[in-house]
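> Below is a structure I'd like to ask you about.
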Amino acid sequence: MLIHINEEKLHFHLTNGQVSYIFHIMKNGQPGSLYYGKALHPGKLYTHFQVYDIPTPNSSHLPDDPAFSLETIRQEYPAYGTGDYREPAVTIRQNNGSHITQFVYKNFSILKGKPGLSGLPATYAESAEDAETLRVLLEDEVTGAELNLDYTIFKSLPVICRSASVYNKGKAPFHLERIMSSSVDLPDHQFDMLHLSGAWSRERQLKERKLEAGIQSISSLRGSSSHHHNPFFAFKRPETTEHNGEVYGFNLVYSSNFLAQAEVDHYGTARIMMGIHPFRFEWKLEPGDSFQAPEAVMVYSEKGLNGMSQAYHDLFRKHLIRGPYANADRPVLLNNWEATYFDFNEEKLLSIASRAKELGIELFVLDDGWFGNRNDDTSSLGDWETDRNKLPEGVGWLAKQIRNLGLQFGLWFEPEMVSPESGLFTAHPDWAIGTPDRQASLGRNQRVLDFSRKEIVDALYEKMAAIIRETGLTYIKWDMNRNITEAYSPGLEPDRQGEFFHRYILGVYDLYERLVSEFPNVLFESCAGGGGRFDAGMLYYAPQAWASDNTDAAERLKIQYGSSFVYPLYSIGSHISAVPNHQTERSAPLKMRADTALFGTFGCELDPGILSEEEKEAVKEHIAFYKQHRRLIREGEFYRLLDPFKGNETAWTAVCKDQTEALVGWYKVLAVPNGRKQEFLKTAGLDPDGIYEISQMEGSFGGDELMYHGIPLPAEFNGVNRGHAERGGDFQSAVFYLKRIGRR
Ligand code: DGJ
């Protein structure tokens, strides 16, 4: 049993021995928060954790109890207008203009397993035994709004998944203006807030700041989760490290506008909430209508930041990513984008593909430029038929030739977009998003299709399905290269325009769902100008995401390190590209590029024809090495060891669950003259009693020794040891394969 309820006291306790989440119904009928953290014993009431007897000059909603002020009480899902001056989790606008609601308890139910969220991505339980869900129903009597709060606890993960939905049981319509997916009032704010922020080409950079009085938030208003802030933040104790200490992580399973906010009040309570961004959001609910908010995934770890990340990785691998690729090796792919950009023909592609095959590549991906009349980024989006100038025999024929070479075939699409210069736009200019009386802004010379309208999603489905059938492809890179402006849909009534952004992403999810259902063997890789929509919502449909357009190894260390806070390695699209790098003009050695790409999906983003014979051999070896160990990358427990945001070195490891094997990656961006004679890298996750062999090293090592003293690193050139040094210069790297050969 994972959910313990005292029906008399209305005390709800979710626990699986790792984490406890406890709340109760307070004397005014509203739910009040009691505890969230390390597991507590379930056979006890914790009502005394709710302290509200501080005499305050505040307003009280209970005439006979002046101390009962919502201003000082830790609440479970706060509403607006009855004495809590912090930001609420939910607001409703009545027809008379009132925004006041008071949601009081009606009943609860327990569901075995986990119900899906209609039209939205969400974590799932494979069997009814995997999880239990508590549903608490609250009601606001005046509006007739019913609020369902869902809490799922998984049997063996320190995870609580939450979502909320509103149903209009009343007689009049109202507008839902805000509905957070989760809200938690933690009793103190002694935390550092971590988040992943950045920009195009430098996504998911780790940021850290002390949580202070007032509101701190990250968000997106771009119509995608964005390059700029990932829908994730975490709160760690100041003393928490990668390996030890307390941390709370929050991640939204959603790909559009979001708000993740922490509000520290005058008593030091930290209200942490996450959900659809309320700015410009509203949803009209007629009597009988309901609205489902996306899911938030909360992880509690007492095993440091690595413990939090491992919980996210396990959850997403087992309970979010679907289809045959959830538990299968990802093919090593070669993508032609940086090899050719728009400048290709059949001969060039087939020559790249046949060379790719020689290297050991398994999947050839034809990126942008194969359709319409697209020779640059100014035209043809929406015209999803072969460009016969470049591919006279058609993309179906090309796919067949690629398959004849022994490779799988994949294609690039950007389904949500239309170029003003395209057949689609000429036929349907009104399909593009825009306000009727204003000029539309362009982004990368393109407009955005109005995916809030079903007929447009239907049309795109038909176009994509036809190409999938024609080519028999097994992979799609689904790109999205601009954010939304002039957000307005002629398909929506004026008082429903606030629904636009959410309806748009529901349209995107709908198209994905139809394609993954009809073509379950197609592997989708999501992309948005690189990592502009790398979120858990996308992972539900697309098991991997192109992490960034920046393929420079030194930059990738940071991007992949940041991504690993939430997302499993086998979802992080990472490729070897040519040098000088196309984003930074930096020239890192092939080894460093390959050693970095190894900790991800691994692939190539170059023309093998530019490689020297020696480089070809090296790439072949790296690909073979990846194939040999990709299961570790897919299933292993990942530990971050050295932080690229704090120093010159990065290190990480993937250790298989039974600790018999591990891969350790170590990277040093700049050479250090006259450094230590011998450096050691402390690794993690090994069996301390295990005896390990390390690839290309003589002897054997204790697991304890490798973790507490370190793996001996190859000697660095220090200015005088010429002839004895095994590495030198900038961009050094090493990958070690560790195998347990016995136990003490
Ligand atoms: C942006 C992507 O991130 C690139 O990898 C490439 O697919 C281009 N778009 C194509 O236009």
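Labels for the structure tokens follow display order: chains A, B, ..., residues from 1 in each chain, ligands from 1.
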List every residue of chain A that has an atom at most 10 Å from any atom of ligand 1, and for each one report the closest atom pair and its distance in Å to one decimal, counting only C-alpha atoms and all ligand atoms, with rows sorted by chain and then by increasing residue number, as JSON lines.

```
{"residue": "A:Trp200", "atom": "CA", "partner": "ligand 1", "partner_atom_place_in_ligand_line": "3 (O)", "distance": 9.4}
{"residue": "A:Ser201", "atom": "CA", "partner": "ligand 1", "partner_atom_place_in_ligand_line": "3 (O)", "distance": 9.1}
{"residue": "A:Asn335", "atom": "CA", "partner": "ligand 1", "partner_atom_place_in_ligand_line": "5 (O)", "distance": 8.5}
{"residue": "A:Asn336", "atom": "CA", "partner": "ligand 1", "partner_atom_place_in_ligand_line": "7 (O)", "distance": 9.1}
{"residue": "A:Trp337", "atom": "CA", "partner": "ligand 1", "partner_atom_place_in_ligand_line": "6 (C)", "distance": 6.0}
{"residue": "A:Glu338", "atom": "CA", "partner": "ligand 1", "partner_atom_place_in_ligand_line": "5 (O)", "distance": 8.0}
{"residue": "A:Tyr341", "atom": "CA", "partner": "ligand 1", "partner_atom_place_in_ligand_line": "10 (C)", "distance": 7.7}
{"residue": "A:Phe342", "atom": "CA", "partner": "ligand 1", "partner_atom_place_in_ligand_line": "11 (O)", "distance": 8.6}
{"residue": "A:Leu366", "atom": "CA", "partner": "ligand 1", "partner_atom_place_in_ligand_line": "7 (O)", "distance": 9.2}
{"residue": "A:Asp367", "atom": "CA", "partner": "ligand 1", "partner_atom_place_in_ligand_line": "7 (O)", "distance": 5.6}
{"residue": "A:Asp368", "atom": "CA", "partner": "ligand 1", "partner_atom_place_in_ligand_line": "10 (C)", "distance": 4.7}
{"residue": "A:Gly369", "atom": "CA", "partner": "ligand 1", "partner_atom_place_in_ligand_line": "11 (O)", "distance": 7.7}
{"residue": "A:Asp376", "atom": "CA", "partner": "ligand 1", "partner_atom_place_in_ligand_line": "11 (O)", "distance": 8.7}
{"residue": "A:Asp377", "atom": "CA", "partner": "ligand 1", "partner_atom_place_in_ligand_line": "11 (O)", "distance": 7.1}
{"residue": "A:Leu411", "atom": "CA", "partner": "ligand 1", "partner_atom_place_in_ligand_line": "7 (O)", "distance": 9.9}
{"residue": "A:Trp412", "atom": "CA", "partner": "ligand 1", "partner_atom_place_in_ligand_line": "7 (O)", "distance": 6.9}
{"residue": "A:Phe413", "atom": "CA", "partner": "ligand 1", "partner_atom_place_in_ligand_line": "7 (O)", "distance": 8.5}
{"residue": "A:Glu414", "atom": "CA", "partner": "ligand 1", "partner_atom_place_in_ligand_line": "11 (O)", "distance": 8.4}
{"residue": "A:Arg444", "atom": "CA", "partner": "ligand 1", "partner_atom_place_in_ligand_line": "11 (O)", "distance": 9.3}
{"residue": "A:Lys477", "atom": "CA", "partner": "ligand 1", "partner_atom_place_in_ligand_line": "7 (O)", "distance": 7.5}
{"residue": "A:Trp478", "atom": "CA", "partner": "ligand 1", "partner_atom_place_in_ligand_line": "7 (O)", "distance": 8.4}
{"residue": "A:Asp479", "atom": "CA", "partner": "ligand 1", "partner_atom_place_in_ligand_line": "9 (N)", "distance": 6.3}
{"residue": "A:Met480", "atom": "CA", "partner": "ligand 1", "partner_atom_place_in_ligand_line": "1 (C)", "distance": 7.4}
{"residue": "A:Asn481", "atom": "CA", "partner": "ligand 1", "partner_atom_place_in_ligand_line": "1 (C)", "distance": 6.1}
{"residue": "A:Arg482", "atom": "CA", "partner": "ligand 1", "partner_atom_place_in_ligand_line": "1 (C)", "distance": 9.6}
{"residue": "A:Ser526", "atom": "CA", "partner": "ligand 1", "partner_atom_place_in_ligand_line": "3 (O)", "distance": 9.3}
{"residue": "A:Cys527", "atom": "CA", "partner": "ligand 1", "partner_atom_place_in_ligand_line": "3 (O)", "distance": 5.9}
{"residue": "A:Ala528", "atom": "CA", "partner": "ligand 1", "partner_atom_place_in_ligand_line": "3 (O)", "distance": 5.9}
{"residue": "A:Gly529", "atom": "CA", "partner": "ligand 1", "partner_atom_place_in_ligand_line": "3 (O)", "distance": 3.7}
{"residue": "A:Gly530", "atom": "CA", "partner": "ligand 1", "partner_atom_place_in_ligand_line": "3 (O)", "distance": 3.7}
{"residue": "A:Gly531", "atom": "CA", "partner": "ligand 1", "partner_atom_place_in_ligand_line": "3 (O)", "distance": 7.3}
{"residue": "A:Gly532", "atom": "CA", "partner": "ligand 1", "partner_atom_place_in_ligand_line": "3 (O)", "distance": 8.7}
{"residue": "A:Ala545", "atom": "CA", "partner": "ligand 1", "partner_atom_place_in_ligand_line": "3 (O)", "distance": 9.9}
{"residue": "A:Trp546", "atom": "CA", "partner": "ligand 1", "partner_atom_place_in_ligand_line": "3 (O)", "distance": 6.8}
{"residue": "A:Ala547", "atom": "CA", "partner": "ligand 1", "partner_atom_place_in_ligand_line": "3 (O)", "distance": 8.4}
{"residue": "A:Ser548", "atom": "CA", "partner": "ligand 1", "partner_atom_place_in_ligand_line": "3 (O)", "distance": 6.5}
{"residue": "A:Asp549", "atom": "CA", "partner": "ligand 1", "partner_atom_place_in_ligand_line": "3 (O)", "distance": 4.9}
{"residue": "A:Asn550", "atom": "CA", "partner": "ligand 1", "partner_atom_place_in_ligand_line": "3 (O)", "distance": 8.6}
{"residue": "A:Thr551", "atom": "CA", "partner": "ligand 1", "partner_atom_place_in_ligand_line": "5 (O)", "distance": 9.7}
{"residue": "A:Glu605", "atom": "CA", "partner": "ligand 1", "partner_atom_place_in_ligand_line": "5 (O)", "distance": 8.9}
```
> Fewer than 3 positions away in the same chain doesn't count, so skip those; otherwise give me all residues within 8 Å of segment 396-402 of chain A, counting only C-alpha atoms, as a PDB file with C-alpha atoms, in the first residue's frame.

```
ATOM      1  CA  GLU A 346      21.289  12.073 -55.387  1.00  0.00           C
ATOM      2  CA  LEU A 350      24.533   8.287 -51.981  1.00  0.00           C
ATOM      3  CA  ALA A 353      25.724   7.238 -47.345  1.00  0.00           C
ATOM      4  CA  PHE A 364      21.228   7.753 -42.855  1.00  0.00           C
ATOM      5  CA  LEU A 391      16.169  14.278 -56.336  1.00  0.00           C
ATOM      6  CA  GLU A 393      13.841   9.987 -58.933  1.00  0.00           C
ATOM      7  CA  LEU A 405      23.392   0.010 -49.033  1.00  0.00           C
ATOM      8  CA  GLY A 406      22.338  -1.702 -45.810  1.00  0.00           C
ATOM      9  CA  LEU A 407      21.277   1.451 -44.007  1.00  0.00           C
ATOM     10  CA  GLN A 408      18.001   2.593 -42.525  1.00  0.00           C
ATOM     11  CA  PHE A 409      16.543   5.803 -43.905  1.00  0.00           C
ATOM     12  CA  ILE A 467       5.904  10.414 -47.266  1.00  0.00           C
ATOM     13  CA  GLU A 470       6.383   6.276 -49.819  1.00  0.00           C
ATOM     14  CA  THR A 471       9.828   5.993 -48.250  1.00  0.00           C
ATOM     15  CA  GLY A 472       9.369   3.307 -45.594  1.00  0.00           C
ATOM     16  CA  LEU A 473      11.494   5.516 -43.360  1.00  0.00           C
TER      17      LEU A 473
END
```
> Report as an NGL selection string all protein, DNA and RNA residues lying within 10 Å of Ala39 of chain A, evaluated on only C-alpha atoms, omitting residues in the same chain fewer than 2 positions from it.
:A and (14-21 or 35-37 or 41-42 or 158 or 300)
> Using only C-alpha atoms, which residues of segment 276-390 of chain A come within 12 Å of segment 685-708 of chain A, and what is the closest atom pair for each, with the distance in Å to one decimal? Give it as CSV, sorted by chain and residue number.

```
residue,atom,partner,partner_atom,distance
A:Lys303,CA,A:Gly685,CA,11.9
A:Asn306,CA,A:Gly685,CA,10.3
A:Gly307,CA,A:Gly685,CA,10.9
A:Gln310,CA,A:Gly685,CA,11.5
```
> Determine, counting only C-alpha atoms, which protein, DNA and RNA residues have an atom within 6 Å of an atom of Ala131 of chain A; residues of the same chain fewer than 2 positions away are not included. Present the result as a PyMOL selection string.
chain A and resi 113+129+153-155
> Do a neighbour search on Asn251 of chain A at 9 Å with only C-alpha atoms, toss out local chain neighbours closer than 5 positions, and write the hits as an MDAnalysis selection string.
chainID A and resid 230:234 260 274 295:299 535:536 566
> Kindly export the residues of the current selection with all heavy atoms, as an mmCIF file, in the first residue's frame.

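Result file is selection_9.cif:
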```
data_model
loop_
_atom_site.group_PDB
_atom_site.id
_atom_site.type_symbol
_atom_site.label_atom_id
_atom_site.label_comp_id
_atom_site.auth_asym_id
_atom_site.auth_seq_id
_atom_site.Cartn_x
_atom_site.Cartn_y
_atom_site.Cartn_z
ATOM 1 N N ASN A 230 14.712 25.696 -19.411
ATOM 2 C CA ASN A 230 14.086 24.379 -19.467
ATOM 3 C C ASN A 230 13.010 24.311 -18.382
ATOM 4 O O ASN A 230 13.183 24.881 -17.303
ATOM 5 C CB ASN A 230 15.157 23.311 -19.217
ATOM 6 C CG ASN A 230 14.701 21.955 -19.706
ATOM 7 O OD1 ASN A 230 14.266 21.119 -18.928
ATOM 8 N ND2 ASN A 230 14.771 21.751 -21.010
ATOM 9 N N PRO A 231 11.891 23.600 -18.653
ATOM 10 C CA PRO A 231 10.841 23.534 -17.631
ATOM 11 C C PRO A 231 11.228 22.630 -16.457
ATOM 12 O O PRO A 231 10.614 21.597 -16.197
ATOM 13 C CB PRO A 231 9.624 22.999 -18.388
ATOM 14 C CG PRO A 231 10.150 22.376 -19.615
ATOM 15 C CD PRO A 231 11.487 22.971 -19.915
ATOM 16 N N PHE A 232 12.274 23.027 -15.797
ATOM 17 C CA PHE A 232 12.808 22.256 -14.665
ATOM 18 C C PHE A 232 13.466 23.225 -13.711
ATOM 19 O O PHE A 232 14.132 24.161 -14.136
ATOM 20 C CB PHE A 232 13.848 21.248 -15.176
ATOM 21 C CG PHE A 232 14.845 20.826 -14.124
ATOM 22 C CD1 PHE A 232 14.512 19.845 -13.198
ATOM 23 C CD2 PHE A 232 16.091 21.427 -14.041
ATOM 24 C CE1 PHE A 232 15.414 19.474 -12.213
ATOM 25 C CE2 PHE A 232 17.001 21.056 -13.065
ATOM 26 C CZ PHE A 232 16.656 20.071 -12.151
ATOM 27 N N PHE A 233 13.280 23.038 -12.440
ATOM 28 C CA PHE A 233 14.166 23.659 -11.458
ATOM 29 C C PHE A 233 14.259 22.763 -10.242
ATOM 30 O O PHE A 233 13.450 21.856 -10.051
ATOM 31 C CB PHE A 233 13.847 25.114 -11.135
ATOM 32 C CG PHE A 233 12.492 25.450 -10.550
ATOM 33 C CD1 PHE A 233 11.522 24.492 -10.300
ATOM 34 C CD2 PHE A 233 12.187 26.787 -10.237
ATOM 35 C CE1 PHE A 233 10.282 24.843 -9.759
ATOM 36 C CE2 PHE A 233 10.956 27.135 -9.701
ATOM 37 C CZ PHE A 233 10.000 26.160 -9.459
ATOM 38 N N ALA A 234 15.304 23.017 -9.438
ATOM 39 C CA ALA A 234 15.524 22.166 -8.268
ATOM 40 C C ALA A 234 15.950 23.040 -7.108
ATOM 41 O O ALA A 234 16.515 24.123 -7.300
ATOM 42 C CB ALA A 234 16.589 21.118 -8.577
ATOM 43 N N ALA A 260 7.720 28.423 -13.758
ATOM 44 C CA ALA A 260 8.227 27.667 -12.607
ATOM 45 C C ALA A 260 8.668 28.730 -11.608
ATOM 46 O O ALA A 260 9.568 29.515 -11.897
ATOM 47 C CB ALA A 260 9.394 26.783 -13.016
ATOM 48 N N MET A 274 4.491 25.195 -10.366
ATOM 49 C CA MET A 274 4.886 24.957 -11.754
ATOM 50 C C MET A 274 3.648 24.644 -12.581
ATOM 51 O O MET A 274 2.754 23.925 -12.108
ATOM 52 C CB MET A 274 5.819 23.759 -11.739
ATOM 53 C CG MET A 274 6.323 23.347 -13.069
ATOM 54 S SD MET A 274 7.605 22.093 -12.836
ATOM 55 C CE MET A 274 9.052 23.022 -13.227
ATOM 56 N N GLU A 295 1.110 17.598 -16.516
ATOM 57 C CA GLU A 295 1.646 16.932 -15.327
ATOM 58 C C GLU A 295 2.963 17.557 -14.868
ATOM 59 O O GLU A 295 3.802 17.938 -15.696
ATOM 60 C CB GLU A 295 1.889 15.467 -15.680
ATOM 61 C CG GLU A 295 2.556 14.680 -14.583
ATOM 62 C CD GLU A 295 2.604 13.201 -14.916
ATOM 63 O OE1 GLU A 295 3.324 12.813 -15.847
ATOM 64 O OE2 GLU A 295 1.903 12.438 -14.244
ATOM 65 N N ALA A 296 3.128 17.625 -13.552
ATOM 66 C CA ALA A 296 4.429 18.020 -12.986
ATOM 67 C C ALA A 296 5.010 16.816 -12.267
ATOM 68 O O ALA A 296 4.290 16.082 -11.588
ATOM 69 C CB ALA A 296 4.266 19.170 -12.011
ATOM 70 N N VAL A 297 6.309 16.617 -12.427
ATOM 71 C CA VAL A 297 6.973 15.478 -11.803
ATOM 72 C C VAL A 297 7.916 16.002 -10.718
ATOM 73 O O VAL A 297 8.846 16.749 -11.009
ATOM 74 C CB VAL A 297 7.779 14.678 -12.848
ATOM 75 C CG1 VAL A 297 8.525 13.548 -12.175
ATOM 76 C CG2 VAL A 297 6.860 14.129 -13.925
ATOM 77 N N MET A 298 7.641 15.611 -9.490
ATOM 78 C CA MET A 298 8.450 16.096 -8.366
ATOM 79 C C MET A 298 9.317 14.937 -7.868
ATOM 80 O O MET A 298 8.816 13.849 -7.612
ATOM 81 C CB MET A 298 7.547 16.546 -7.218
ATOM 82 C CG MET A 298 6.368 17.407 -7.671
ATOM 83 S SD MET A 298 5.532 18.255 -6.328
ATOM 84 C CE MET A 298 5.251 16.975 -5.161
ATOM 85 N N VAL A 299 10.604 15.208 -7.746
ATOM 86 C CA VAL A 299 11.531 14.185 -7.248
ATOM 87 C C VAL A 299 12.135 14.686 -5.953
ATOM 88 O O VAL A 299 12.589 15.829 -5.872
ATOM 89 C CB VAL A 299 12.649 13.915 -8.282
ATOM 90 C CG1 VAL A 299 13.760 13.073 -7.665
ATOM 91 C CG2 VAL A 299 12.094 13.206 -9.509
ATOM 92 N N ASP A 535 12.108 18.710 -23.765
ATOM 93 C CA ASP A 535 11.342 18.631 -22.524
ATOM 94 C C ASP A 535 10.670 17.268 -22.430
ATOM 95 O O ASP A 535 10.626 16.497 -23.397
ATOM 96 C CB ASP A 535 10.319 19.771 -22.447
ATOM 97 C CG ASP A 535 9.381 19.794 -23.639
ATOM 98 O OD1 ASP A 535 8.655 18.800 -23.834
ATOM 99 O OD2 ASP A 535 9.367 20.801 -24.387
ATOM 100 N N ALA A 536 10.130 16.997 -21.240
ATOM 101 C CA ALA A 536 9.541 15.676 -20.994
ATOM 102 C C ALA A 536 8.275 15.470 -21.822
ATOM 103 O O ALA A 536 7.926 14.334 -22.155
ATOM 104 C CB ALA A 536 9.245 15.527 -19.509
ATOM 105 N N VAL A 566 18.114 16.132 -15.871
ATOM 106 C CA VAL A 566 16.749 15.608 -15.940
ATOM 107 C C VAL A 566 16.633 14.452 -16.938
ATOM 108 O O VAL A 566 15.918 13.487 -16.681
ATOM 109 C CB VAL A 566 15.761 16.715 -16.385
ATOM 110 C CG1 VAL A 566 14.323 16.287 -16.100
ATOM 111 C CG2 VAL A 566 16.056 18.029 -15.697
#
```
> Nearest to Leu221 of chain A among A:Ile361, A:Ile456, A:Ala262, A:Ile484, with distances taken over only C-alpha atoms: which residue is it?
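Once distances to Leu221 of chain A are computed over only C-alpha atoms, the minimum belongs to A:Ile484.
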> Could you name the residues that touch Lys207 of chain A at 7 Å or less, counting only C-alpha atoms, but leaving out those on the same chain fewer than 6 positions away, as a PyMOL selection string?
chain A and resi 194-197
> With all heavy atoms retained, write the just-selected residues as a PDB file, in the first residue's frame.

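What follows is the written file again10.pdb:
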```pdb
ATOM      1  N   LEU A 194      18.419  25.745  -8.490  1.00  0.00           N
ATOM      2  CA  LEU A 194      19.174  25.377  -9.697  1.00  0.00           C
ATOM      3  C   LEU A 194      18.233  25.387 -10.878  1.00  0.00           C
ATOM      4  O   LEU A 194      17.096  24.943 -10.761  1.00  0.00           O
ATOM      5  CB  LEU A 194      19.722  23.956  -9.604  1.00  0.00           C
ATOM      6  CG  LEU A 194      20.630  23.559  -8.466  1.00  0.00           C
ATOM      7  CD1 LEU A 194      21.139  22.139  -8.705  1.00  0.00           C
ATOM      8  CD2 LEU A 194      21.804  24.499  -8.399  1.00  0.00           C
ATOM      9  N   HIS A 195      18.692  25.865 -12.017  1.00  0.00           N
ATOM     10  CA  HIS A 195      17.885  25.758 -13.222  1.00  0.00           C
ATOM     11  C   HIS A 195      18.783  25.695 -14.439  1.00  0.00           C
ATOM     12  O   HIS A 195      20.000  25.937 -14.345  1.00  0.00           O
ATOM     13  CB  HIS A 195      16.843  26.877 -13.324  1.00  0.00           C
ATOM     14  CG  HIS A 195      17.402  28.260 -13.198  1.00  0.00           C
ATOM     15  ND1 HIS A 195      17.565  29.099 -14.250  1.00  0.00           N
ATOM     16  CD2 HIS A 195      17.822  28.933 -12.106  1.00  0.00           C
ATOM     17  CE1 HIS A 195      18.059  30.253 -13.822  1.00  0.00           C
ATOM     18  NE2 HIS A 195      18.227  30.179 -12.534  1.00  0.00           N
ATOM     19  N   LEU A 196      18.195  25.377 -15.580  1.00  0.00           N
ATOM     20  CA  LEU A 196      18.953  25.162 -16.808  1.00  0.00           C
ATOM     21  C   LEU A 196      18.534  26.238 -17.801  1.00  0.00           C
ATOM     22  O   LEU A 196      17.433  26.178 -18.348  1.00  0.00           O
ATOM     23  CB  LEU A 196      18.665  23.772 -17.367  1.00  0.00           C
ATOM     24  CG  LEU A 196      18.963  22.621 -16.399  1.00  0.00           C
ATOM     25  CD1 LEU A 196      18.446  21.299 -16.954  1.00  0.00           C
ATOM     26  CD2 LEU A 196      20.470  22.523 -16.118  1.00  0.00           C
ATOM     27  N   SER A 197      19.394  27.216 -17.983  1.00  0.00           N
ATOM     28  CA  SER A 197      19.023  28.343 -18.837  1.00  0.00           C
ATOM     29  C   SER A 197      20.071  28.542 -19.916  1.00  0.00           C
ATOM     30  O   SER A 197      21.170  28.006 -19.826  1.00  0.00           O
ATOM     31  CB  SER A 197      18.884  29.604 -17.987  1.00  0.00           C
ATOM     32  OG  SER A 197      17.846  29.397 -17.053  1.00  0.00           O
TER      33      SER A 197
END
```
> If we count only C-alpha atoms, what is near Thr152 of chain A at a cut-off of 9 Å, once residues fewer than 5 positions away on the same chain are taken out, given as a list in words?
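Everything that qualifies: Leu14, Gly113, Lys114, Ala131, Glu132, Thr133, Leu134, Arg135, Val159, Ile160, Cys161 and Arg162 of chain A.
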> Go through segment 125-146 of chain A and flag each residue having an atom no more than 6 Å from segment 87-103 of chain A; for those, report the closest pair of atoms plus their distance in Å to one decimal, using only C-alpha atoms, ordered by chain and rising number, as a tab-separated table.

```
residue	atom	partner	partner_atom	distance
A:Leu138	CA	A:Phe103	CA	5.4
A:Glu139	CA	A:Phe103	CA	4.8
A:Asp140	CA	A:Phe103	CA	4.5
```
> Create the file for the chosen residues now, containing N, CA and C atoms and written as a PDB file, in the first residue's frame.

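Final output, again_27.pdb:
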```
ATOM      1  N   LEU A 138     -12.202  18.784  -4.844  1.00  0.00           N
ATOM      2  CA  LEU A 138     -12.547  20.002  -4.100  1.00  0.00           C
ATOM      3  C   LEU A 138     -13.608  20.731  -4.900  1.00  0.00           C
ATOM      4  N   GLU A 139     -14.357  21.597  -4.206  1.00  0.00           N
ATOM      5  CA  GLU A 139     -15.390  22.334  -4.944  1.00  0.00           C
ATOM      6  C   GLU A 139     -15.479  23.775  -4.449  1.00  0.00           C
ATOM      7  N   ASP A 140     -15.670  24.677  -5.390  1.00  0.00           N
ATOM      8  CA  ASP A 140     -15.973  26.062  -5.034  1.00  0.00           C
ATOM      9  C   ASP A 140     -17.478  26.240  -5.245  1.00  0.00           C
TER      10      ASP A 140
END
```
> From the list A:Lys454, A:Arg503, A:Arg744, A:Arg640, which residue is nearest Tyr561 of chain A when using only C-alpha atoms?
A:Arg640
